[in-house]
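Trainee: final.txt is reproduced in full below (compact mmCIF, C-alpha atoms).
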# COMPACT_ATOMS: atom_id res chain seq x y z
CA MET T 125 -3.40 23.91 -18.17
CA ASN T 126 -2.61 24.99 -14.61
CA THR T 127 -1.02 22.17 -12.74
CA THR T 128 -0.11 22.47 -9.09
CA THR T 129 2.24 20.55 -6.87
CA ILE T 130 1.07 18.81 -3.73
CA ILE T 131 3.45 18.27 -0.82
CA PRO T 132 3.02 15.86 2.08
CA ILE T 133 2.40 17.57 5.42
CA GLY T 134 2.64 14.35 7.42
CA ILE T 135 2.38 10.58 7.39
CA ILE T 136 -0.58 8.38 8.30
CA HIS T 137 0.23 5.36 10.47
CA THR T 138 -2.27 2.48 10.54
CA PRO T 139 -2.33 -1.28 11.07
CA PHE T 140 -2.80 -1.82 7.31
CA LYS T 141 0.52 -2.73 5.79
CA GLU T 142 -0.72 -4.12 2.46
CA LEU T 143 -3.27 -2.87 -0.05
CA ASP T 144 -5.23 -6.09 -0.15
CA ASN T 145 -7.58 -7.22 2.57
CA MET T 146 -8.06 -3.69 3.86
CA PRO T 147 -11.34 -2.14 4.86
CA ILE T 148 -12.62 -0.21 1.87
CA GLN T 149 -14.15 2.67 3.78
CA PRO T 150 -14.08 3.98 7.37
CA ALA T 151 -17.45 2.22 7.79
CA GLY T 152 -15.51 -1.05 7.68
CA ALA T 153 -12.86 0.18 10.09
CA ARG T 154 -14.92 1.77 12.84
CA ASP T 155 -12.68 0.75 15.68
CA VAL T 156 -9.38 0.89 13.89
CA ILE T 157 -6.98 3.30 15.55
CA GLY T 158 -4.43 5.23 13.55
CA GLU T 159 -1.89 7.93 14.25
CA ILE T 160 -1.46 10.96 12.06
CA GLU T 161 2.05 12.31 12.31
CA VAL T 162 2.06 15.91 11.17
CA PHE T 163 5.53 17.14 10.29
CA GLU T 164 6.94 19.48 12.94
CA GLU T 165 7.03 22.42 10.57
CA PHE T 166 3.22 22.30 10.30
CA ALA T 167 2.38 21.39 13.92
CA GLU T 168 1.46 24.94 14.95
CA GLY T 169 -1.51 24.69 12.56
CA LEU T 170 -3.05 21.94 14.73
CA GLN T 171 -4.00 24.34 17.49
CA ASP T 172 -7.77 24.35 18.23
CA LEU T 173 -8.29 21.11 16.32
CA ASP T 174 -8.83 19.14 19.54
CA GLY T 175 -12.29 20.67 19.94
CA PHE T 176 -13.61 18.79 16.92
CA SER T 177 -14.98 15.26 17.22
CA HIS T 178 -14.35 14.42 13.56
CA ILE T 179 -11.96 15.56 10.86
CA HIS T 180 -11.51 15.13 7.14
CA LEU T 181 -8.21 13.67 6.04
CA LEU T 182 -7.00 14.34 2.52
CA TYR T 183 -4.17 12.05 1.48
CA HIS T 184 -2.21 10.85 -1.49
CA PHE T 185 -2.97 7.36 -2.85
CA HIS T 186 0.76 6.99 -3.27
CA LYS T 187 0.74 3.30 -4.17
CA ASN T 188 -1.55 3.83 -7.14
CA SER T 189 -0.89 5.11 -10.63
CA GLY T 190 -2.86 5.27 -13.84
CA TYR T 191 -6.64 5.10 -13.98
CA LYS T 192 -9.59 4.06 -16.08
CA LEU T 193 -12.78 6.09 -16.42
CA LYS T 194 -14.92 2.97 -15.92
CA VAL T 195 -14.21 0.71 -12.97
CA THR T 196 -15.82 -2.19 -11.16
CA PRO T 197 -15.89 -1.05 -7.51
CA PHE T 198 -15.17 -3.40 -4.60
CA MET T 199 -18.82 -3.08 -3.63
CA ASP T 200 -20.33 -3.91 -7.00
CA THR T 201 -20.09 -6.40 -9.84
CA VAL T 202 -20.61 -4.11 -12.81
CA GLU T 203 -18.62 -1.21 -14.22
CA ARG T 204 -19.41 2.29 -12.98
CA GLY T 205 -18.19 5.71 -13.97
CA LEU T 206 -15.06 6.46 -11.96
CA PHE T 207 -16.44 9.68 -10.46
CA ALA T 208 -19.45 7.77 -9.13
CA THR T 209 -17.02 5.67 -7.07
CA ARG T 210 -14.39 6.22 -4.38
CA ALA T 211 -11.83 4.07 -6.21
CA PRO T 212 -8.25 5.17 -5.52
CA ARG T 213 -6.93 5.25 -9.08
CA ARG T 214 -8.17 8.62 -10.35
CA PRO T 215 -6.83 11.46 -12.52
CA ASN T 216 -5.72 13.03 -9.22
CA MET T 217 -4.88 10.37 -6.64
CA ILE T 218 -6.39 12.14 -3.65
CA GLY T 219 -8.27 10.23 -1.00
CA LEU T 220 -10.83 11.62 1.43
CA SER T 221 -11.86 10.01 4.72
CA VAL T 222 -13.77 11.28 7.72
CA VAL T 223 -12.39 9.92 10.99
CA ARG T 224 -13.08 10.43 14.67
CA LEU T 225 -10.44 12.53 16.39
CA GLU T 226 -9.56 10.90 19.70
CA SER T 227 -6.70 13.11 20.84
CA VAL T 228 -4.06 15.61 19.81
CA ARG T 229 -0.64 15.56 21.45
CA ASP T 230 1.96 17.87 19.98
CA ASN T 231 2.18 16.87 16.32
CA ILE T 232 0.43 13.49 16.71
CA LEU T 233 -3.29 12.96 16.18
CA ARG T 234 -4.87 9.77 17.38
CA VAL T 235 -7.87 8.90 15.22
CA ARG T 236 -10.49 6.16 15.11
CA GLY T 237 -12.16 4.55 12.12
CA ILE T 238 -9.37 4.84 9.59
CA ASP T 239 -9.25 2.89 6.33
CA VAL T 240 -5.92 4.13 4.99
CA LEU T 241 -2.73 2.26 4.13
CA ASP T 242 0.14 2.61 6.60
CA GLY T 243 2.68 5.16 5.39
CA THR T 244 0.22 7.17 3.31
CA PRO T 245 1.27 10.81 2.81
CA LEU T 246 -1.09 13.28 4.45
CA ILE T 247 -2.08 16.27 2.30
CA ASP T 248 -4.54 18.21 4.44
CA ILE T 249 -6.69 18.15 7.57
CA LYS T 250 -10.00 20.00 7.63
CA PRO T 251 -12.43 20.07 10.54
CA TYR T 252 -15.70 18.19 10.00
CA VAL T 253 -18.54 20.64 10.56
CA ALA T 254 -22.03 19.13 10.54
CA LYS T 255 -23.50 22.36 9.25
CA PHE T 256 -21.36 22.16 6.10
CA ASP T 257 -20.63 18.47 5.74
CA ALA T 258 -23.61 16.47 7.03
CA VAL T 259 -26.05 17.21 4.23
CA PRO T 260 -29.58 15.78 3.79
CA ALA T 261 -28.46 13.37 1.11
CA ASP T 262 -31.22 11.00 0.11
CA SER T 263 -30.03 9.03 -2.88
CA PHE T 264 -26.84 7.15 -3.46
CA GLY T 265 -27.09 5.69 -6.94
CA TRP T 266 -25.58 2.24 -7.27
CA LEU T 267 -24.53 2.46 -3.62
CA ASP T 268 -28.14 2.56 -2.42
CA GLU T 269 -28.07 -1.20 -2.36
CA ASN T 270 -24.36 -1.69 -1.85
CA ALA T 271 -23.07 0.77 0.77
CA ASP T 272 -23.71 -1.67 3.61
CA LYS T 273 -21.12 -3.97 2.10
CA ALA T 274 -18.44 -1.49 3.17
CA GLU T 275 -18.79 -2.80 6.70
CA THR T 276 -17.59 -6.25 5.80
CA LEU T 277 -15.94 -6.22 2.37
CA LYS T 278 -12.18 -5.99 2.14
CA SER T 279 -10.03 -4.68 -0.66
CA ASP T 280 -8.17 -6.77 -3.18
CA PHE T 281 -5.49 -5.87 -5.69
CA ARG T 282 -7.72 -4.58 -8.46
CA PHE T 283 -6.66 -0.96 -8.05
CA VAL T 284 -2.99 -1.65 -7.46
CA SER T 285 -0.59 -0.65 -10.19
CA LYS T 286 1.03 -3.48 -12.05
CA MET S 295 9.74 14.09 0.08
CA ASN S 296 7.26 12.70 -2.45
CA THR S 297 5.52 15.51 -4.23
CA THR S 298 2.77 14.88 -6.73
CA THR S 299 1.30 16.97 -9.50
CA ILE S 300 -2.38 17.80 -9.64
CA ILE S 301 -4.12 18.46 -12.95
CA PRO S 302 -7.46 20.15 -13.50
CA ILE S 303 -10.21 17.82 -14.75
CA GLY S 304 -12.69 20.62 -15.35
CA ILE S 305 -13.77 24.15 -14.50
CA ILE S 306 -16.34 25.31 -11.96
CA HIS S 307 -18.70 28.04 -13.16
CA THR S 308 -20.53 30.09 -10.54
CA PRO S 309 -22.02 33.57 -10.13
CA PHE S 310 -19.06 34.56 -7.92
CA LYS S 311 -16.61 36.58 -9.98
CA GLU S 312 -14.58 38.12 -7.16
CA LEU S 313 -13.08 36.68 -4.00
CA ASP S 314 -14.63 39.27 -1.73
CA ASN S 315 -18.29 39.28 -0.73
CA MET S 316 -18.66 35.56 -1.46
CA PRO S 317 -20.48 33.05 0.70
CA ILE S 318 -17.88 31.40 2.88
CA GLN S 319 -19.42 27.94 2.87
CA PRO S 320 -22.19 26.12 0.98
CA ALA S 321 -24.39 26.87 4.02
CA GLY S 322 -24.37 30.49 2.87
CA ALA S 323 -25.06 29.59 -0.73
CA ARG S 324 -27.89 27.10 -0.41
CA ASP S 325 -29.76 28.19 -3.51
CA VAL S 326 -26.81 29.22 -5.60
CA ILE S 327 -26.62 27.27 -8.85
CA GLY S 328 -23.32 26.42 -10.48
CA GLU S 329 -22.20 24.42 -13.45
CA ILE S 330 -19.34 22.01 -13.33
CA GLU S 331 -17.75 21.61 -16.73
CA VAL S 332 -15.80 18.38 -16.80
CA PHE S 333 -13.30 18.27 -19.64
CA GLU S 334 -14.42 15.98 -22.48
CA GLU S 335 -11.56 13.59 -21.96
CA PHE S 336 -12.91 12.74 -18.47
CA ALA S 337 -16.64 12.80 -19.26
CA GLU S 338 -16.98 9.01 -19.48
CA GLY S 339 -16.17 8.86 -15.76
CA LEU S 340 -19.42 10.71 -14.95
CA GLN S 341 -21.60 7.73 -15.77
CA ASP S 342 -23.79 6.60 -12.80
CA LEU S 343 -23.15 9.84 -10.95
CA ASP S 344 -26.70 11.08 -11.62
CA GLY S 345 -28.07 8.63 -9.04
CA PHE S 346 -26.45 10.56 -6.19
CA SER S 347 -28.20 13.51 -4.55
CA HIS S 348 -24.96 15.08 -3.29
CA ILE S 349 -21.33 15.06 -4.34
CA HIS S 350 -17.99 16.20 -2.97
CA LEU S 351 -16.07 18.63 -5.11
CA LEU S 352 -12.33 18.90 -4.68
CA TYR S 353 -10.87 21.98 -6.31
CA HIS S 354 -7.79 24.14 -6.47
CA PHE S 355 -7.84 27.45 -4.62
CA HIS S 356 -6.03 28.87 -7.63
CA LYS S 357 -6.23 32.52 -6.60
CA ASN S 358 -4.43 31.90 -3.34
CA SER S 359 -0.79 31.44 -2.54
CA GLY S 360 1.28 31.30 0.62
CA TYR S 361 -0.18 30.46 4.01
CA LYS S 362 0.18 31.03 7.73
CA LEU S 363 -0.29 28.32 10.34
CA LYS S 364 -2.41 30.64 12.49
CA VAL S 365 -5.30 32.49 10.89
CA THR S 366 -8.29 34.53 11.95
CA PRO S 367 -11.21 32.85 10.14
CA PHE S 368 -14.07 34.80 8.59
CA MET S 369 -16.32 33.38 11.29
CA ASP S 370 -14.20 34.33 14.28
CA THR S 371 -12.28 37.20 15.75
CA VAL S 372 -9.29 35.38 17.21
CA GLU S 373 -6.49 33.38 15.64
CA ARG S 374 -6.98 29.63 15.19
CA GLY S 375 -4.71 26.85 14.02
CA LEU S 376 -5.00 26.64 10.24
CA PHE S 377 -6.03 22.96 10.24
CA ALA S 378 -8.92 23.77 12.58
CA THR S 379 -10.28 26.06 9.85
CA ARG S 380 -11.43 25.79 6.24
CA ALA S 381 -9.35 28.81 5.20
CA PRO S 382 -8.20 28.59 1.56
CA ARG S 383 -4.53 29.45 2.03
CA ARG S 384 -3.03 26.12 3.14
CA PRO S 385 0.14 24.13 2.49
CA ASN S 386 -1.87 22.40 -0.24
CA MET S 387 -4.50 24.73 -1.71
CA ILE S 388 -7.27 22.16 -2.05
CA GLY S 389 -10.85 23.07 -1.29
CA LEU S 390 -13.64 20.66 -0.39
CA SER S 391 -17.36 21.37 -0.73
CA VAL S 392 -20.43 19.18 -0.62
CA VAL S 393 -23.09 20.31 -3.10
CA ARG S 394 -26.45 19.04 -4.26
CA LEU S 395 -26.35 17.44 -7.70
CA GLU S 396 -29.31 18.69 -9.72
CA SER S 397 -28.56 17.14 -13.08
CA VAL S 398 -25.93 15.64 -15.33
CA ARG S 399 -25.99 16.33 -19.06
CA ASP S 400 -23.04 15.06 -21.07
CA ASN S 401 -20.02 16.65 -19.41
CA ILE S 402 -21.94 19.35 -17.51
CA LEU S 403 -23.13 18.94 -13.92
CA ARG S 404 -25.68 21.38 -12.58
CA VAL S 405 -25.23 21.77 -8.81
CA ARG S 406 -26.94 23.70 -6.03
CA GLY S 407 -25.40 25.28 -2.95
CA ILE S 408 -21.98 26.13 -4.29
CA ASP S 409 -19.60 28.57 -2.60
CA VAL S 410 -16.74 28.47 -5.09
CA LEU S 411 -15.18 31.23 -7.18
CA ASP S 412 -16.08 31.25 -10.88
CA GLY S 413 -13.32 29.72 -12.97
CA THR S 414 -11.96 27.49 -10.19
CA PRO S 415 -10.15 24.38 -11.48
CA LEU S 416 -11.90 21.14 -10.55
CA ILE S 417 -9.64 18.38 -9.20
CA ASP S 418 -12.00 15.55 -8.35
CA ILE S 419 -15.62 14.52 -7.89
CA LYS S 420 -16.54 11.89 -5.31
CA PRO S 421 -20.05 10.71 -4.52
CA TYR S 422 -21.38 11.70 -1.10
CA VAL S 423 -22.38 8.54 0.73
CA ALA S 424 -24.20 9.08 4.03
CA LYS S 425 -22.81 5.83 5.39
CA PHE S 426 -19.23 7.10 4.99
CA ASP S 427 -19.58 10.85 5.10
CA ALA S 428 -22.46 11.76 7.43
CA VAL S 429 -20.82 10.90 10.75
CA PRO S 430 -22.26 11.40 14.24
CA ALA S 431 -20.10 14.43 14.89
CA ASP S 432 -20.96 16.13 18.15
CA SER S 433 -18.36 18.78 18.79
CA PHE S 434 -17.06 21.50 16.56
CA GLY S 435 -14.51 23.40 18.61
CA TRP S 436 -14.49 27.13 18.00
CA LEU S 437 -17.20 26.60 15.38
CA ASP S 438 -19.71 25.36 17.98
CA GLU S 439 -20.71 28.97 18.50
CA ASN S 440 -19.78 30.31 15.11
CA ALA S 441 -20.91 27.89 12.38
CA ASP S 442 -24.29 29.58 12.04
CA LYS S 443 -22.51 32.68 10.84
CA ALA S 444 -21.70 30.86 7.61
CA GLU S 445 -25.26 31.43 6.50
CA THR S 446 -24.91 35.18 6.41
CA LEU S 447 -21.22 36.15 6.52
CA LYS S 448 -19.44 36.99 3.31
CA SER S 449 -15.76 36.74 2.48
CA ASP S 450 -13.37 39.64 2.33
CA PHE S 451 -9.85 39.91 0.99
CA ARG S 452 -8.01 38.51 3.99
CA PHE S 453 -6.96 35.30 2.28
CA VAL S 454 -6.14 36.82 -1.08
CA SER S 455 -2.51 36.91 -2.11
CA LYS S 456 -0.97 40.35 -2.23
Rewrite the structure of this file - the entire thing - as structure tokens.
Mentor:
Amino acid sequence: MNTTTIIPIGIIHTPFKELDNMPIQPAGARDVIGEIEVFEEFAEGLQDLDGFSHIHLLYHFHKNSGYKLKVTPFMDTVERGLFATRAPRRPNMIGLSVVRLESVRDNILRVRGIDVLDGTPLIDIKPYVAKFDAVPADSFGWLDENADKAETLKSDFRFVSK
Amino acid sequence: MNTTTIIPIGIIHTPFKELDNMPIQPAGARDVIGEIEVFEEFAEGLQDLDGFSHIHLLYHFHKNSGYKLKVTPFMDTVERGLFATRAPRRPNMIGLSVVRLESVRDNILRVRGIDVLDGTPLIDIKPYVAKFDAVPADSFGWLDENADKAETLKSDFRFVSK
């Protein structure tokens, strides 16, 4: 079994200081501004990023541990398979959000529409490219009826480690 | 510095046996079929996934090591900041692709439009939800003029470890 070690390349700063009562997706945090602090040693890699309107953030759900393969998502009332959800407690605790990139200044990115806990370790930044990432998806399983809830629902403590 | 360990939750099977001459994005592999073998111990987490037309795959670029913060991407002729590219050699070697989910049978997912090397360790599956993931992106930096090349360009050995 090949394991690999993930290192933080920066820290995500947001207004969300606690895991409860947070937006559960960027759709519920459209106007929330955050700052991505990329560690100086990686800052050179940010060149050319300012031409992109949106970026993917990969980050470590560092406040979570353990997982179950069936979970009741924030947006639903029945159990779903974990991989059919975006729940944070997963075999690998990696989160993925698409945010709007407002500006890049040295090693600081200002972003809009961020649903991440303050202090979250950043793992990677990848440019959002419509040609690769905006696919003609047309069915969304249990979220067909529930995705709109992401605009108003907030998190609670159900995915927080005891 | 909080590091974290990533474990494989499955193996990605594709027609691509070598790192050179591969499609460089799903856009260049639209009709390529792959099979995602999720290890039995995680199979229960696949329930409800079959309702989604597209999924995100997170995987480990296991044939790559080391990285530079400035790279010349397959689709360009000049150096770009690493985080403004999807190049595989990164501080954390995690790849992200959106693929079409054709079917789920037990622990095997059949997917379409996959640009991943055969034998690649799978790290996570997340449902693709248009509301969260299909953003109104309108600028793509150096890729504005180059993204179309992903449909025809193939990889070479530039990102392979020596």
Trainee: Give me, as a tab-separated table, each residue of region 318-403 of chain S that comes within 6 Å of region 202-226 of chain T, together with its shortest interatomic pair and the distance in Å at one decimal, counting only C-alpha atoms, with rows ordered by chain and rising residue number.
Mentor:
residue	atom	partner	partner_atom	distance
S:Gly339	CA	T:Gly205	CA	4.1
S:Leu340	CA	T:Gly205	CA	5.2
S:Gln341	CA	T:Gly205	CA	4.4
S:Asp342	CA	T:Gly205	CA	5.8
S:Leu343	CA	T:Ala208	CA	4.6
Trainee: What would you get as a short mmCIF file (atom, residue, chain, number, x, y, z; two decimals) with C-alpha atoms, in the coordinates of the input if chain T were moved onto chain S by least squares over all of its C-alpha atoms in order?
Mentor:
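The new file out13.cif reads:
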data_model
loop_
_atom_site.label_atom_id
_atom_site.label_comp_id
_atom_site.auth_asym_id
_atom_site.auth_seq_id
_atom_site.Cartn_x
_atom_site.Cartn_y
_atom_site.Cartn_z
CA MET T 125 9.75 14.12 0.03
CA ASN T 126 7.24 12.72 -2.46
CA THR T 127 5.51 15.51 -4.24
CA THR T 128 2.76 14.87 -6.75
CA THR T 129 1.27 16.95 -9.51
CA ILE T 130 -2.41 17.78 -9.63
CA ILE T 131 -4.13 18.44 -12.95
CA PRO T 132 -7.47 20.15 -13.51
CA ILE T 133 -10.20 17.81 -14.76
CA GLY T 134 -12.70 20.61 -15.36
CA ILE T 135 -13.76 24.14 -14.51
CA ILE T 136 -16.34 25.30 -11.97
CA HIS T 137 -18.70 28.03 -13.18
CA THR T 138 -20.54 30.11 -10.55
CA PRO T 139 -22.01 33.58 -10.13
CA PHE T 140 -19.06 34.59 -7.92
CA LYS T 141 -16.61 36.57 -9.98
CA GLU T 142 -14.57 38.11 -7.16
CA LEU T 143 -13.08 36.66 -3.98
CA ASP T 144 -14.64 39.23 -1.70
CA ASN T 145 -18.27 39.24 -0.70
CA MET T 146 -18.67 35.55 -1.44
CA PRO T 147 -20.47 33.05 0.72
CA ILE T 148 -17.87 31.37 2.89
CA GLN T 149 -19.41 27.92 2.89
CA PRO T 150 -22.17 26.10 0.98
CA ALA T 151 -24.37 26.83 4.03
CA GLY T 152 -24.35 30.46 2.91
CA ALA T 153 -25.06 29.59 -0.71
CA ARG T 154 -27.88 27.09 -0.42
CA ASP T 155 -29.72 28.18 -3.50
CA VAL T 156 -26.78 29.21 -5.60
CA ILE T 157 -26.62 27.27 -8.85
CA GLY T 158 -23.33 26.43 -10.48
CA GLU T 159 -22.20 24.41 -13.46
CA ILE T 160 -19.31 22.00 -13.33
CA GLU T 161 -17.75 21.60 -16.74
CA VAL T 162 -15.80 18.36 -16.82
CA PHE T 163 -13.30 18.25 -19.65
CA GLU T 164 -14.43 15.96 -22.47
CA GLU T 165 -11.55 13.57 -21.95
CA PHE T 166 -12.89 12.73 -18.47
CA ALA T 167 -16.64 12.79 -19.24
CA GLU T 168 -16.98 9.00 -19.48
CA GLY T 169 -16.17 8.85 -15.75
CA LEU T 170 -19.41 10.71 -14.95
CA GLN T 171 -21.58 7.72 -15.76
CA ASP T 172 -23.76 6.61 -12.80
CA LEU T 173 -23.15 9.86 -10.95
CA ASP T 174 -26.71 11.07 -11.62
CA GLY T 175 -28.06 8.64 -9.03
CA PHE T 176 -26.45 10.58 -6.19
CA SER T 177 -28.20 13.53 -4.55
CA HIS T 178 -24.96 15.09 -3.30
CA ILE T 179 -21.33 15.07 -4.35
CA HIS T 180 -18.00 16.21 -2.98
CA LEU T 181 -16.08 18.64 -5.13
CA LEU T 182 -12.33 18.90 -4.69
CA TYR T 183 -10.87 21.99 -6.32
CA HIS T 184 -7.79 24.13 -6.49
CA PHE T 185 -7.83 27.47 -4.63
CA HIS T 186 -6.04 28.87 -7.65
CA LYS T 187 -6.23 32.52 -6.62
CA ASN T 188 -4.42 31.90 -3.35
CA SER T 189 -0.76 31.43 -2.54
CA GLY T 190 1.29 31.29 0.62
CA TYR T 191 -0.17 30.48 4.02
CA LYS T 192 0.19 31.04 7.72
CA LEU T 193 -0.28 28.33 10.34
CA LYS T 194 -2.40 30.66 12.49
CA VAL T 195 -5.29 32.51 10.90
CA THR T 196 -8.29 34.55 11.95
CA PRO T 197 -11.21 32.85 10.16
CA PHE T 198 -14.08 34.80 8.59
CA MET T 199 -16.33 33.38 11.29
CA ASP T 200 -14.21 34.32 14.28
CA THR T 201 -12.28 37.22 15.77
CA VAL T 202 -9.30 35.39 17.21
CA GLU T 203 -6.49 33.38 15.64
CA ARG T 204 -6.98 29.64 15.19
CA GLY T 205 -4.72 26.87 14.02
CA LEU T 206 -5.01 26.65 10.24
CA PHE T 207 -6.04 22.98 10.24
CA ALA T 208 -8.93 23.79 12.58
CA THR T 209 -10.29 26.09 9.86
CA ARG T 210 -11.43 25.82 6.24
CA ALA T 211 -9.35 28.83 5.19
CA PRO T 212 -8.21 28.61 1.56
CA ARG T 213 -4.54 29.46 2.01
CA ARG T 214 -3.05 26.14 3.13
CA PRO T 215 0.14 24.14 2.48
CA ASN T 216 -1.88 22.40 -0.25
CA MET T 217 -4.50 24.73 -1.73
CA ILE T 218 -7.26 22.16 -2.05
CA GLY T 219 -10.85 23.05 -1.31
CA LEU T 220 -13.65 20.66 -0.40
CA SER T 221 -17.37 21.38 -0.73
CA VAL T 222 -20.44 19.19 -0.64
CA VAL T 223 -23.10 20.31 -3.11
CA ARG T 224 -26.46 19.04 -4.27
CA LEU T 225 -26.34 17.45 -7.70
CA GLU T 226 -29.31 18.69 -9.72
CA SER T 227 -28.56 17.15 -13.10
CA VAL T 228 -25.93 15.63 -15.35
CA ARG T 229 -25.99 16.31 -19.08
CA ASP T 230 -23.04 15.03 -21.06
CA ASN T 231 -20.01 16.64 -19.42
CA ILE T 232 -21.95 19.33 -17.52
CA LEU T 233 -23.14 18.95 -13.94
CA ARG T 234 -25.67 21.37 -12.58
CA VAL T 235 -25.23 21.77 -8.83
CA ARG T 236 -26.91 23.71 -6.04
CA GLY T 237 -25.40 25.29 -2.95
CA ILE T 238 -21.98 26.16 -4.29
CA ASP T 239 -19.59 28.58 -2.59
CA VAL T 240 -16.73 28.49 -5.10
CA LEU T 241 -15.17 31.24 -7.20
CA ASP T 242 -16.08 31.26 -10.89
CA GLY T 243 -13.32 29.70 -12.98
CA THR T 244 -11.97 27.48 -10.20
CA PRO T 245 -10.15 24.37 -11.49
CA LEU T 246 -11.89 21.14 -10.57
CA ILE T 247 -9.63 18.39 -9.21
CA ASP T 248 -11.99 15.55 -8.35
CA ILE T 249 -15.62 14.53 -7.88
CA LYS T 250 -16.54 11.89 -5.31
CA PRO T 251 -20.05 10.71 -4.52
CA TYR T 252 -21.40 11.73 -1.11
CA VAL T 253 -22.41 8.57 0.72
CA ALA T 254 -24.20 9.09 4.03
CA LYS T 255 -22.83 5.85 5.38
CA PHE T 256 -19.25 7.11 4.98
CA ASP T 257 -19.61 10.87 5.10
CA ALA T 258 -22.47 11.78 7.45
CA VAL T 259 -20.82 10.90 10.74
CA PRO T 260 -22.25 11.41 14.26
CA ALA T 261 -20.08 14.43 14.89
CA ASP T 262 -20.95 16.13 18.15
CA SER T 263 -18.37 18.80 18.79
CA PHE T 264 -17.06 21.52 16.57
CA GLY T 265 -14.50 23.41 18.61
CA TRP T 266 -14.50 27.14 18.00
CA LEU T 267 -17.21 26.61 15.38
CA ASP T 268 -19.70 25.37 17.98
CA GLU T 269 -20.71 28.96 18.50
CA ASN T 270 -19.78 30.31 15.10
CA ALA T 271 -20.90 27.88 12.38
CA ASP T 272 -24.28 29.57 12.04
CA LYS T 273 -22.51 32.68 10.84
CA ALA T 274 -21.71 30.85 7.60
CA GLU T 275 -25.28 31.43 6.51
CA THR T 276 -24.91 35.17 6.43
CA LEU T 277 -21.23 36.14 6.55
CA LYS T 278 -19.44 36.94 3.32
CA SER T 279 -15.77 36.72 2.50
CA ASP T 280 -13.36 39.60 2.37
CA PHE T 281 -9.84 39.86 1.02
CA ARG T 282 -7.98 38.50 4.02
CA PHE T 283 -6.96 35.27 2.32
CA VAL T 284 -6.17 36.79 -1.05
CA SER T 285 -2.54 36.91 -2.07
CA LYS T 286 -0.99 40.33 -2.18
#
Trainee: If you measure from CA of Ile130 (chain T) to CA of Thr299 (chain S), what distance in Å do you get, rounded to one decimal?
Mentor: 6.1 Å
Trainee: Using only C-alpha atoms, which of S:Asp442, S:Asp450, S:Asp412, S:Asp400 sits nearest chain T?
Mentor: S:Asp442
Trainee: Find the distance between CA of His180 (chain T) and CA of Asp257 (chain T) and write it in Å to one decimal.
Mentor: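 Separation of CA of His180 (chain T) and CA of Asp257 (chain T): 9.8 Å.
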